[in-house]
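First comes the structure, then the notes that go with it.
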Amino acid sequence: MKLFRVLVFSLFFCLLLTGCWDRKEINDIAFVLATGIDKESNLYRVTLQIALPGQMGAIGSAGGSGGTGGGKSWLLDSATGNSIRDANQRQQESLSRLLYFSHRRIIVIGENMARAGIEPIIEVISSVPQNRVSSYVLATRGAAKNALNNQTKMEKFPAEKIRKVADIWMNNPPTIKDVANVLQTEGIDLTLPLLAEVKKNQLTPEDVKEYINIDGLAVFKRDKLVGSLEGNQARGILLATNKAETPIVTFRVPQTNGRVSILCRNYKVDLQPTIQNNKINLTINFKADVYVLANESNAALGTGDIIQKIEQAAASEVEKEIQDGVRTLQQKYHSDALGIGDTLYRHNPKVWNRYKDNWDTLYPKIPVKVNALIHIEQTGSLTTPLGPRQGDLSK
Amino acid sequence: MLRKLRKPRLLGAGKDLEKTLASTALVDTNETLSTDIIKNEQKLREIFSNCFDIVFRPITVHGQTRMLLVYVDGLNDIKQLNQVVLKPTMFEGLPEGLGKLERLGEIVEQQLVAVARTKTVMQLSEVVQSVLTANVAILADGESIALIADIKSWAKRAVEEPASEPVVRGPRDGFTETLRTNTSMLRLKVKSPRFKMEAIVVGNVSQTDIVIAYIDGIANESVLEEVRQRVNRIQIDGIIESGYVEEFIEDAPFSPFPTVQNTERPDVVAASLLEGKVAVLIDGTPFALVVPFTFWAALQSAEDYYERFIYATFIRWVRFLLLNMALFLPSLYVAVTTFHPQMIPTNLLLSFAAAREQSPFPAMVEALIMELMFEGLREAGVRLPKAVGSAVSIVGALVIGQAAVQAGIVSAPMVIVVATTGIASFGIPRYNFGIAYRLLRFPMLILAGMFGLFGVTAGALALLIHLVSLRSFGIPYLSPLAPQNRQGIKDIMVRMPRWALHSRPELIVGEDTTRVPKGQKPGPNRGGGT
Amino acid sequence: MAKLSNYQLILMGTNFFTTVFIISLPSQIIATSRQDAWLSYLPAFLIMVIPLWMLSKVMHRFPDQDLFSVLKSRFPIVGSMLTSFYLLFFFFILIRDFRMFIDFISVALLQRTPLTVIGGLVILTCILSARSGVQVVARMHELFYPLLMLITVILPFLFYAGTDIRWMQPVLAQGVKPVLHGSWLAVSYIGEIIILPFIVSNRTFQLKQGLISLLIGAYMLEMLVVLNLLVLSPNLASRMMYPNYELAREVRVTEFLDRFDSILVTFWLPALFQKISLMLNVICHGIKQMMPGVQERSLSTSLGILAFVCGFWFFENPLQLLNLNGGWPAVALIFEILLPLCFYFMLKPRFHR
């Protein structure tokens with residue numbers, strides 16, 4: 001009984017005297033929102049985007065800070081080092097607040113870095129428990145430090161903009177966890193959304209603004225960048241990997257004079273490897289329930305078999321996109337981004353064990369067949385386009 | 001801890017109660033009245049020397065027999081005294097002329113003093129006692145007995161709505177300071193001969209009446225015996241308020257949590273008695289004590305049982321939430337912002353950070369200061385005269401709410417947190433239970449400031465261990481949740497409708513466990529009607 | 001000891017073998033049996049039914065007693081030797097769990113706080129609970145454990161989008177051997193359920209309570225390991241120190257609420273506290289059975305401090321704890337299967353014909 005009381009009191013006084021080890025006040029930490037990693041010869045260049053809450057002009061804390069009028073609400077700090085941690089250490093030396101990575105939502109990997117191989121950096125990013133494993137990983141054309149230094153009007157921070165753009169562009173953008181997972185799995189290669197700076201002229205030809213947007217997919221072989229896919233090819237791969245976010249497909253329907261757009265409300269992709277005469281074949285089965293989003297043609301949806309025609313046209317469009325993307329991956333980059341090898345393993349581990357040693361030579365030659373099945377389940381509020389006269393309608 | 005403290009009290013408990021009573025009254029217990037009224041008067045005057053409020057009224061009946069009325073001025077109905085004692089004796093005289101002196105008392109008792117309650121006493125100490133408990137003592141010459149007439153009447157507070165436990169729906173009468181009124185209110189609610197009230201006098205100077213009320217058969221015999229013992233054991237000079245008794249009979253004197261319930265509401269007492277609990281009523285205070293008291297009883301208000309059960313269930317959940325907020329909100333805020341900022345959504349965190357940008361204090365210190373200020377404001381609001389009270393709240397709101405935030409001394413989120421905590425702590429229906437929670441907030445805050453969430457968990461666990469091991473008159477404090485009891489949970493997690501609460505709380509009740517017979521669920525096709 | 005209800009016993013039994021299992025083992029089991037880790041658990045559970053059944057038969061012969069007193073009353077000398085062996089065994093488990101607990105806290109919640117300070121707070125709370133008696137520990141279980149069970153029921157719904165069935169295919173690709181190796185790792189922890197007959201004294205220990213405990217525990221552990229596989233994939237789970245903590249970090253309700261880990265950890269901590277308290281309590285009870293003169297309350301304080309010291313003395317770092325798991329089953333199974341087997345034959349129930 002006495003012993004217990006002594007214990008309680010001694011612990012209590014110990015604590016009072018020594019203090020708190022893990023305590024860090026909010027105004028003593030620097031919230032890192034994004035990290036950009038580049039490689040410069042042998043050194044890593046790490047660029048951090050840090051939030052400046054003082055510049056955000058919160059009500060109540062006013063006291064004459066002057067609201068957002070002043071500068072940006074974020075700070076970019078860049079340093080080089082032998083490792084990422086080392087570079088962070090350099091940055092810390094010049095920062096009055098402790099770097100804190102738990103709110104980092106995106107990690108941008110520069111082109112040089114990606115080409116050199118990203119294996120060493122994933123380790124650093126995910127080993128501290130306070131870091132988010134749900135941070136998105138993106139690649140960029142050019143240097144990552146430039147991608148982060150891009151003012152945006154809609155969001156407070158560029159990092160926030162990039163994150164949201166990635167969210168809209170694809171379904172579940174790859175996170176650190178996903179990247180690590182892919183790197184560790186045999187028979188699958190990595191793809192990352194690819195950022196690029198684009199110059200767009202708005203109202204007048206002189207009014208040119210630089211934008212950061214997502215330009216396509218960066219294709220990796222193992223952990224090294226080998227190239228990129230753009231436009232429809234990128235979308236084809238997204239469709240084939242079940243990563244496209246409610247994709248809109250626009251295509252021309254035969255015997256009509258315009259284009260029809262459909263929105264895939266939900267779709268399912270299934271990779272089916274088959275083995276015939278010691279040859280591997282892959283069938284990609286794509287199934288979607290779609291919604292007719294816009295009908296710019298003269299097709300009267302309510303009549304005849306025009307619906308079937310649209311479905312077929314849509315299916316062949318999707319097939320083409322996927323086919324294109326996969327062919328480029330196979331023949332140009334030799335990168336198994338669909339995870340055909342992995343799928344083979346899951347279906348038939350014995351076959352995979354037989355082929356896995358010379359998978360690299362085998363992979364480009366695998367014939368890929370795409371079967372798309374599109375089902376229009378909604379046609380919107382119009383059965384017939386409003387523009388064309390009765391006689392011009394295609395039925 | 002408990003056992004050690006009890007020991008010295010146990011030694012004293014053996015003393016004879018009556019003895020102590022008499023010794024403080026400065027009268028020898030065994031001294032009887034003398035037949036000589038002059039002597040009696042002398043003695044009484046000696047005992048009551050310097051007692052300004054004691055009245056000695058000598059009267060002479062038929063010019064021969066001298067009588068003496070002794071009473072405390074202000075405690076008796078003077079009109080009635082005149083009507084039933086003075087007038088008949090002085091003007092009408094004794095109907096049968098002078099008889100033997102021994103019979104005088106009887107005659108007075110039987111025929112003249114038209115009062116409901118009278119008795120005769122032989123001993124001087126009893127006379128003194130009776131006079132002090134607001135009776136009129138009538139002594140006659142040559143008579144060694146005194147007649148005690150009960151015509152009590154003094155200035156009483158009327159029955160009012162209880163201030164500490166108001167309800168929207170439900171009876172509006174509250175206990176008063178008069179024990180007799182209180183017992184009558186209870187008797188009106190429970191008209192059964194099984195409803196017993198045992199009286200004990202406690203306090204060797206104050207001579208306070210204490211009543212132990214229970215319903216025979218429903219009350220748990222062991223709890224009742226425990227209450228009797230603990231009340232009888234009390235040795236004290238005086239009892240002014242129920243709190244005096246509470247501190248002597250509670251189970252865990254060092255716990256911040258009350259193990260005895262106090263209430264101003266007769267309906268609450270009556271309902272508790274019907275659950276098998278035991279009530280202790282104390283003269284001179286409108287607060288009755290009810291035991292055993294459990295954690296859940298602290299979260300229930302009388303109105304839960306008067307309102308419709310769905311609403312009552314909802315409001316119980318809200319209360320439980322408020323209870324936890326009152327205890328944990330400031331510590332969670334401190335723990336999360338200073339130890340685990342990763343938990344807060346980025347945008348929210350950045351606004352916290354922006355608000356705290358200029359704050360000079362660490363979050364924990366800020367929280368402590370603000371919580372203390374809040375306690376100060378609350379205390380000032382309760383104690384100050386009403387006219388000044390509003391000034392305090394204005395100053396508090398302006399200085400703390402506005403100026404401190406604007407000056408950047410205190411951050412706005414902290415003010416929100418402290419204010420929310422304050423409101424939450426008032427959501428607990430039992431005031432003294434709320435106090436316990438308000439106190440525990442501070443150690444919790446310190447733990448949070450040192451260990452973050454881990455500290456809060458450890459603190460909460462220690463608190464729960466304490467709650468779980470606490471007992472009120474043998475009943476586990478957290479029952480019926482831990483130890484679990486299915487029937488009991490019907491009145492804890494939810495408030496089931498009356499017709500579904502078939503049995504009384506299992507651990508509390510004695511023999512008679514059925515409260516509501518089964519099969520009374522109302523519906524269109526029930527009963528003998530159409 | 002004091003009165004315990006069936007419900008309390010079931011919760012205590014489940015808590016006793018699940019809580020520490022959750023942090024210390026999944027990583028290693030997934031590393032050995034990869035995507036078949038969920039299969040590894042099953043044999044371990046099935047095997048443990050046997051000693052439970054045997055112990056229940058033994059206890060049936062000695063109604064209203066616990067195993068300590070049975071041992072002592074039947075074999076005065078051998079019994080107290082066995083009792084002390086069991087006490088040492090439990091004490092070692094106590095130290096191991098204590099150390100595992102503070103290491104975990106250190107990684108998950110408080111990185112810079114010295115281990116000794118965390119350990120001090122942990123052991124203090126546990127002593128507080130243990131010295132209030134087994135009844136208090138049991139009631140604490142009643143308060144907390146249902147909550148934890150509820151979380152394992154809700155958890156799959158929180159992950160509805162993040163799972164990928166691919167990670168559990170193909171089944172049994174590497175054959176049965178790694179699966180059984182995984183079971184070998186798991187069995188010693190699940191075997192800790194044999195503590196039940198040591199706790200129960202006011203009634204006879206019944207097989208039914210043990211089985212329900214096992215069943216609930218099996219559900220919880222299976223659910224967690226399946227989620228580990230589906231959400232984290234065997235690749236990552238096997239490389240993490242605490243896969244279940246990583247799992248908690250993956251919980252995302254909406255964009256707004258995506259860091260649930262600390263909250264889930266705080267819900268889970270009380271269970272671990274209670275396991276340590278229960279163990280402390282049982283050890284004190286056992287010592288009291290051997291030496292009736294000792295005061296249980298003061299004993300728990302000194303034992304707690306001893307455990308605190310040993311926790312730092314026996315293990316230098318958490319990796320040692322993980323390495324221990326490889327050889328530990330060999331020792332643990334003596335106490336968890338072999339000795340109950342002996343008890344069964346030594347104290348064999350007489351069959352009436």
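Naming works like this for the structure tokens: A, B, ... for the chains as they're shown, residue 1 at the start of each chain, ligands 1 onward in shown order.
The chain B residues that come within 9 Å of chain C are Phe339, His340, Gln342, Met343, Ile344, Pro345, Thr346, Asn347, Phe451, Gly452, Leu453, Phe454, Gly455, Val456, Thr457, Ala458, Gly459, Leu461, Ala462, Leu464, Ile465, His466, Val468, Ser469, Leu481, Ala482, Pro483 and Gln484 of chain B, with only C-alpha atoms taken into account.
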Dump C-alpha atoms for the selected residues as a PDB file, in the first residue's frame?
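Contents of out-v3.pdb, as written:
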```pdb
ATOM      1  CA  PHE B 339       1.141  15.479 -29.799  1.00  0.00           C
ATOM      2  CA  HIS B 340      -0.694  14.117 -32.787  1.00  0.00           C
ATOM      3  CA  GLN B 342      -1.465  14.242 -37.999  1.00  0.00           C
ATOM      4  CA  MET B 343      -4.919  13.330 -36.749  1.00  0.00           C
ATOM      5  CA  ILE B 344      -6.491  16.648 -37.582  1.00  0.00           C
ATOM      6  CA  PRO B 345      -7.629  17.124 -41.164  1.00  0.00           C
ATOM      7  CA  THR B 346      -5.169  19.371 -42.946  1.00  0.00           C
ATOM      8  CA  ASN B 347      -7.458  22.322 -43.500  1.00  0.00           C
ATOM      9  CA  PHE B 451       1.751  12.067 -22.808  1.00  0.00           C
ATOM     10  CA  GLY B 452      -0.804  13.043 -25.400  1.00  0.00           C
ATOM     11  CA  LEU B 453      -3.470  10.512 -26.212  1.00  0.00           C
ATOM     12  CA  PHE B 454      -1.635   7.828 -24.325  1.00  0.00           C
ATOM     13  CA  GLY B 455      -1.816   9.923 -21.185  1.00  0.00           C
ATOM     14  CA  VAL B 456      -5.511  10.539 -21.712  1.00  0.00           C
ATOM     15  CA  THR B 457      -6.097   6.807 -22.128  1.00  0.00           C
ATOM     16  CA  ALA B 458      -4.093   5.972 -19.028  1.00  0.00           C
ATOM     17  CA  GLY B 459      -5.970   8.647 -17.088  1.00  0.00           C
ATOM     18  CA  LEU B 461      -8.404   3.911 -17.414  1.00  0.00           C
ATOM     19  CA  ALA B 462      -7.344   4.888 -13.925  1.00  0.00           C
ATOM     20  CA  LEU B 464     -12.584   3.739 -14.771  1.00  0.00           C
ATOM     21  CA  ILE B 465     -10.711   1.394 -12.490  1.00  0.00           C
ATOM     22  CA  HIS B 466     -11.673   3.668  -9.651  1.00  0.00           C
ATOM     23  CA  VAL B 468     -15.478   0.082 -11.225  1.00  0.00           C
ATOM     24  CA  SER B 469     -14.094  -0.666  -7.795  1.00  0.00           C
ATOM     25  CA  LEU B 481     -23.247  -2.155 -16.926  1.00  0.00           C
ATOM     26  CA  ALA B 482     -20.316  -3.689 -15.100  1.00  0.00           C
ATOM     27  CA  PRO B 483     -21.160  -6.214 -13.757  1.00  0.00           C
ATOM     28  CA  GLN B 484     -23.621  -6.621 -16.516  1.00  0.00           C
TER      29      GLN B 484
END
```
Exercise for the section: Please identify which residues in segment 47-181 of chain A DSSP calls alpha helix (DSSP H) from the backbone, and express them as number ranges by chain. Expected result: A: 84-93, 111-116, 119-126, 144-148, 158-169, 176-181
Problem - Distance-based interface of chain B with chain A, 9 Å, counting only C-alpha atoms, as number ranges by chain - result: B: 1, 335, 337-343, 345-346, 349-359, 362-363, 402, 405-408, 411-412, 449-452
Practice task
Within 10 Å of Ala143 of chain A, counting only C-alpha atoms, which residues show up once you throw out same-chain ones fewer than 4 positions away? Write them as a ChimeraX atom specification, please.
Solution key: /A:36-40,45,108-113,139,147-148,196
Selection above as a file: N, CA and C atoms, as a PDB file, in the first residue's frame:
```pdb
ATOM      1  N   GLY A  36       9.153  17.470 -53.405  1.00  0.00           N
ATOM      2  CA  GLY A  36       9.589  17.172 -54.763  1.00  0.00           C
ATOM      3  C   GLY A  36      10.989  16.609 -54.680  1.00  0.00           C
ATOM      4  N   ILE A  37      11.234  15.558 -55.421  1.00  0.00           N
ATOM      5  CA  ILE A  37      12.552  14.941 -55.345  1.00  0.00           C
ATOM      6  C   ILE A  37      13.167  14.908 -56.740  1.00  0.00           C
ATOM      7  N   ASP A  38      14.363  15.487 -56.846  1.00  0.00           N
ATOM      8  CA  ASP A  38      15.087  15.473 -58.112  1.00  0.00           C
ATOM      9  C   ASP A  38      16.454  14.870 -57.881  1.00  0.00           C
ATOM     10  N   LYS A  39      17.057  14.480 -58.972  1.00  0.00           N
ATOM     11  CA  LYS A  39      18.415  13.995 -58.836  1.00  0.00           C
ATOM     12  C   LYS A  39      19.325  14.923 -59.626  1.00  0.00           C
ATOM     13  N   GLU A  40      20.332  15.426 -58.956  1.00  0.00           N
ATOM     14  CA  GLU A  40      21.315  16.265 -59.642  1.00  0.00           C
ATOM     15  C   GLU A  40      22.659  15.601 -59.496  1.00  0.00           C
ATOM     16  N   ARG A  45      18.068  16.395 -54.816  1.00  0.00           N
ATOM     17  CA  ARG A  45      17.557  17.720 -54.481  1.00  0.00           C
ATOM     18  C   ARG A  45      16.136  17.554 -53.979  1.00  0.00           C
ATOM     19  N   VAL A 108       6.242  14.455 -55.458  1.00  0.00           N
ATOM     20  CA  VAL A 108       6.460  14.580 -56.895  1.00  0.00           C
ATOM     21  C   VAL A 108       7.881  14.137 -57.201  1.00  0.00           C
ATOM     22  N   ILE A 109       7.995  13.242 -58.157  1.00  0.00           N
ATOM     23  CA  ILE A 109       9.308  12.720 -58.500  1.00  0.00           C
ATOM     24  C   ILE A 109       9.732  13.312 -59.833  1.00  0.00           C
ATOM     25  N   GLY A 110      10.867  13.952 -59.838  1.00  0.00           N
ATOM     26  CA  GLY A 110      11.368  14.582 -61.056  1.00  0.00           C
ATOM     27  C   GLY A 110      11.828  13.541 -62.066  1.00  0.00           C
ATOM     28  N   GLU A 111      11.947  14.013 -63.308  1.00  0.00           N
ATOM     29  CA  GLU A 111      12.233  13.064 -64.387  1.00  0.00           C
ATOM     30  C   GLU A 111      13.575  12.358 -64.202  1.00  0.00           C
ATOM     31  N   ASN A 112      14.586  13.131 -63.837  1.00  0.00           N
ATOM     32  CA  ASN A 112      15.922  12.531 -63.666  1.00  0.00           C
ATOM     33  C   ASN A 112      15.906  11.463 -62.585  1.00  0.00           C
ATOM     34  N   MET A 113      15.240  11.819 -61.518  1.00  0.00           N
ATOM     35  CA  MET A 113      15.137  10.904 -60.390  1.00  0.00           C
ATOM     36  C   MET A 113      14.451   9.614 -60.828  1.00  0.00           C
ATOM     37  N   ALA A 139       4.785  11.531 -60.980  1.00  0.00           N
ATOM     38  CA  ALA A 139       6.027  11.842 -61.690  1.00  0.00           C
ATOM     39  C   ALA A 139       5.806  13.149 -62.431  1.00  0.00           C
ATOM     40  N   ALA A 147       7.586  21.920 -60.711  1.00  0.00           N
ATOM     41  CA  ALA A 147       6.185  21.519 -60.662  1.00  0.00           C
ATOM     42  C   ALA A 147       5.515  22.049 -59.397  1.00  0.00           C
ATOM     43  N   LEU A 148       6.306  22.159 -58.328  1.00  0.00           N
ATOM     44  CA  LEU A 148       5.717  22.612 -57.070  1.00  0.00           C
ATOM     45  C   LEU A 148       5.609  24.125 -56.994  1.00  0.00           C
ATOM     46  N   ALA A 196       2.799  17.835 -65.946  1.00  0.00           N
ATOM     47  CA  ALA A 196       3.588  18.601 -66.904  1.00  0.00           C
ATOM     48  C   ALA A 196       3.167  20.045 -66.840  1.00  0.00           C
TER      49      ALA A 196
END
```
Exercise for the section: Using DSSP on the backbone coordinates, identify all residues within segment 30-70 of chain B classified as strand (DSSP E); present the result as a PyMOL selection string. Expected result: chain B and resi 54-61+65-70
Atoms kept (C-alpha atoms) for selection, written as a PDB file, in the first residue's frame:
```pdb
ATOM      1  CA  ILE B  54     -37.974  30.952  26.597  1.00  0.00           C
ATOM      2  CA  VAL B  55     -41.254  32.106  28.045  1.00  0.00           C
ATOM      3  CA  PHE B  56     -42.404  31.250  31.584  1.00  0.00           C
ATOM      4  CA  ARG B  57     -46.071  31.957  32.001  1.00  0.00           C
ATOM      5  CA  PRO B  58     -47.403  31.352  35.508  1.00  0.00           C
ATOM      6  CA  ILE B  59     -51.193  31.163  35.869  1.00  0.00           C
ATOM      7  CA  THR B  60     -53.384  30.643  38.803  1.00  0.00           C
ATOM      8  CA  VAL B  61     -56.478  28.530  38.456  1.00  0.00           C
ATOM      9  CA  THR B  65     -53.702  26.142  42.040  1.00  0.00           C
ATOM     10  CA  ARG B  66     -50.661  27.582  40.401  1.00  0.00           C
ATOM     11  CA  MET B  67     -49.709  26.377  37.016  1.00  0.00           C
ATOM     12  CA  LEU B  68     -46.735  27.185  34.832  1.00  0.00           C
ATOM     13  CA  LEU B  69     -46.513  27.174  31.069  1.00  0.00           C
ATOM     14  CA  VAL B  70     -43.027  26.959  29.587  1.00  0.00           C
TER      15      VAL B  70
END
```
Within 9 Å of chain C: each chain A residue with its shortest pair, only C-alpha atoms, as a tab-separated table:
```
residue	atom	partner	partner_atom	distance
A:Met1	CA	C:Ser298	CA	5.5
A:Lys2	CA	C:Ser298	CA	8.3
A:Leu3	CA	C:Thr301	CA	7.0
A:Phe4	CA	C:Thr301	CA	6.0
A:Leu7	CA	C:Leu124	CA	7.8
A:Val8	CA	C:Leu124	CA	7.3
A:Leu11	CA	C:Gly120	CA	7.2
A:Cys14	CA	C:Val117	CA	9.0
A:Leu15	CA	C:Val117	CA	8.2
A:Cys20	CA	C:Thr113	CA	7.4
A:Trp21	CA	C:Thr113	CA	4.9
A:Asp22	CA	C:Arg112	CA	5.4
A:Val128	CA	C:Val107	CA	8.8
A:Pro129	CA	C:Ala108	CA	6.6
A:Gln130	CA	C:Ala108	CA	8.1
A:Arg132	CA	C:Arg249	CA	8.1
A:Val133	CA	C:Glu250	CA	7.6
A:Ser134	CA	C:Glu250	CA	7.4
A:Lys177	CA	C:Leu232	CA	7.8
A:Asp178	CA	C:Leu232	CA	8.8
A:Ala180	CA	C:Leu236	CA	7.6
A:Asn181	CA	C:Leu236	CA	6.5
A:Gln184	CA	C:Asn235	CA	6.6
A:Thr185	CA	C:Asn235	CA	7.4
A:Thr343	CA	C:Arg166	CA	8.3
A:Tyr345	CA	C:Pro170	CA	7.5
A:Arg346	CA	C:Pro170	CA	5.0
A:His347	CA	C:Pro170	CA	6.7
A:Asn348	CA	C:Pro170	CA	7.6
A:Pro349	CA	C:Ala173	CA	6.5
A:Lys350	CA	C:Ala173	CA	8.3
```
Residues within 12 Å of Leu501 of chain B, only C-alpha atoms, excluding chain neighbours under 6 positions, as a PDB file with N, CA and C atoms, in the first residue's frame:
```
ATOM      1  N   GLU B 275     -37.844   1.742  -6.079  1.00  0.00           N
ATOM      2  CA  GLU B 275     -36.805   0.919  -6.708  1.00  0.00           C
ATOM      3  C   GLU B 275     -36.101   0.061  -5.664  1.00  0.00           C
ATOM      4  N   TYR B 305     -38.478   9.903 -16.742  1.00  0.00           N
ATOM      5  CA  TYR B 305     -39.548   8.936 -16.560  1.00  0.00           C
ATOM      6  C   TYR B 305     -40.920   9.544 -16.815  1.00  0.00           C
ATOM      7  N   PHE B 309     -40.631   7.812 -23.873  1.00  0.00           N
ATOM      8  CA  PHE B 309     -39.369   7.100 -23.686  1.00  0.00           C
ATOM      9  C   PHE B 309     -38.377   7.313 -24.808  1.00  0.00           C
ATOM     10  N   ARG B 486     -28.778  -7.817 -17.792  1.00  0.00           N
ATOM     11  CA  ARG B 486     -29.594  -7.506 -18.966  1.00  0.00           C
ATOM     12  C   ARG B 486     -30.807  -6.643 -18.611  1.00  0.00           C
ATOM     13  N   GLN B 487     -31.504  -7.046 -17.539  1.00  0.00           N
ATOM     14  CA  GLN B 487     -32.700  -6.312 -17.161  1.00  0.00           C
ATOM     15  C   GLN B 487     -32.356  -4.860 -16.841  1.00  0.00           C
ATOM     16  N   GLY B 488     -31.242  -4.691 -16.139  1.00  0.00           N
ATOM     17  CA  GLY B 488     -30.867  -3.359 -15.699  1.00  0.00           C
ATOM     18  C   GLY B 488     -30.510  -2.457 -16.853  1.00  0.00           C
ATOM     19  N   ILE B 489     -29.929  -3.050 -17.884  1.00  0.00           N
ATOM     20  CA  ILE B 489     -29.478  -2.237 -19.008  1.00  0.00           C
ATOM     21  C   ILE B 489     -30.663  -1.586 -19.715  1.00  0.00           C
ATOM     22  N   LYS B 490     -31.835  -2.196 -19.546  1.00  0.00           N
ATOM     23  CA  LYS B 490     -33.034  -1.615 -20.150  1.00  0.00           C
ATOM     24  C   LYS B 490     -33.320  -0.208 -19.632  1.00  0.00           C
ATOM     25  N   ASP B 491     -32.757   0.097 -18.487  1.00  0.00           N
ATOM     26  CA  ASP B 491     -33.004   1.425 -17.938  1.00  0.00           C
ATOM     27  C   ASP B 491     -31.739   2.278 -17.953  1.00  0.00           C
ATOM     28  N   ILE B 492     -30.709   1.822 -18.686  1.00  0.00           N
ATOM     29  CA  ILE B 492     -29.437   2.538 -18.679  1.00  0.00           C
ATOM     30  C   ILE B 492     -29.113   3.054 -20.072  1.00  0.00           C
ATOM     31  N   VAL B 494     -30.894   2.642 -22.738  1.00  0.00           N
ATOM     32  CA  VAL B 494     -32.094   3.265 -23.267  1.00  0.00           C
ATOM     33  C   VAL B 494     -32.992   3.505 -22.069  1.00  0.00           C
ATOM     34  N   ARG B 495     -34.137   4.152 -22.308  1.00  0.00           N
ATOM     35  CA  ARG B 495     -35.118   4.141 -21.234  1.00  0.00           C
ATOM     36  C   ARG B 495     -36.313   3.435 -21.821  1.00  0.00           C
ATOM     37  N   THR B 513     -39.453  -8.127  -6.293  1.00  0.00           N
ATOM     38  CA  THR B 513     -38.719  -7.603  -7.443  1.00  0.00           C
ATOM     39  C   THR B 513     -39.608  -7.135  -8.577  1.00  0.00           C
ATOM     40  N   THR B 514     -40.853  -7.557  -8.606  1.00  0.00           N
ATOM     41  CA  THR B 514     -41.682  -7.207  -9.758  1.00  0.00           C
ATOM     42  C   THR B 514     -42.186  -5.783  -9.633  1.00  0.00           C
ATOM     43  N   ARG B 515     -41.932  -5.012 -10.649  1.00  0.00           N
ATOM     44  CA  ARG B 515     -42.390  -3.642 -10.639  1.00  0.00           C
ATOM     45  C   ARG B 515     -43.649  -3.509 -11.485  1.00  0.00           C
ATOM     46  N   VAL B 516     -43.564  -4.069 -12.685  1.00  0.00           N
ATOM     47  CA  VAL B 516     -44.687  -3.990 -13.605  1.00  0.00           C
ATOM     48  C   VAL B 516     -44.935  -5.400 -14.110  1.00  0.00           C
ATOM     49  N   PRO B 517     -46.155  -5.943 -13.908  1.00  0.00           N
ATOM     50  CA  PRO B 517     -46.423  -7.276 -14.451  1.00  0.00           C
ATOM     51  C   PRO B 517     -46.337  -7.266 -15.962  1.00  0.00           C
ATOM     52  N   LYS B 518     -45.968  -8.407 -16.515  1.00  0.00           N
ATOM     53  CA  LYS B 518     -45.768  -8.464 -17.960  1.00  0.00           C
ATOM     54  C   LYS B 518     -47.082  -8.370 -18.717  1.00  0.00           C
ATOM     55  N   GLY B 519     -46.958  -8.109 -19.989  1.00  0.00           N
ATOM     56  CA  GLY B 519     -48.126  -8.146 -20.863  1.00  0.00           C
ATOM     57  C   GLY B 519     -48.982  -6.904 -20.798  1.00  0.00           C
ATOM     58  N   GLN B 520     -48.376  -5.765 -20.555  1.00  0.00           N
ATOM     59  CA  GLN B 520     -49.188  -4.551 -20.495  1.00  0.00           C
ATOM     60  C   GLN B 520     -48.930  -3.610 -21.642  1.00  0.00           C
ATOM     61  N   LYS B 521     -48.251  -4.108 -22.663  1.00  0.00           N
ATOM     62  CA  LYS B 521     -47.973  -3.258 -23.807  1.00  0.00           C
ATOM     63  C   LYS B 521     -49.278  -2.772 -24.411  1.00  0.00           C
TER      64      LYS B 521
END
```
Practice task
Show which residues sit within 8 Å of Asn295 of chain A, as number ranges by chain. Count only C-alpha atoms, and ignore same-chain residues fewer than 6 positions away.
Solution key: A: 258-261, 385
Practice task
Report the distance between atom CA of Arg265 of chain A and atom CA of Thr384 of chain A in Å, rounded to one decimal place.
Solution key: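 According to the coordinates, atom CA of Arg265 of chain A and atom CA of Thr384 of chain A are separated by 21.5 Å.
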Practice task
Please measure the separation of atom CA of Ser335 of chain A and atom CA of Ser41 of chain A, giving the value in Å to one decimal.
Solution key: 25.9 Å
Handout entry: Long-range neighbours of Met81 of chain C as a PyMOL selection string, 10 Å cut-off, only C-alpha atoms, 5 positions minimum in chain
Key = chain C and resi 71-72+75-76+86-87+290
Practice task
Quick one: everything within 12 Å of Val253 of chain A, counting only C-alpha atoms, minus sequence neighbours fewer than 6 positions away in the same chain. Send it as a VMD selection string.
Solution key: chain A and resid 259 to 262 295 to 301 306 to 317 394 to 395
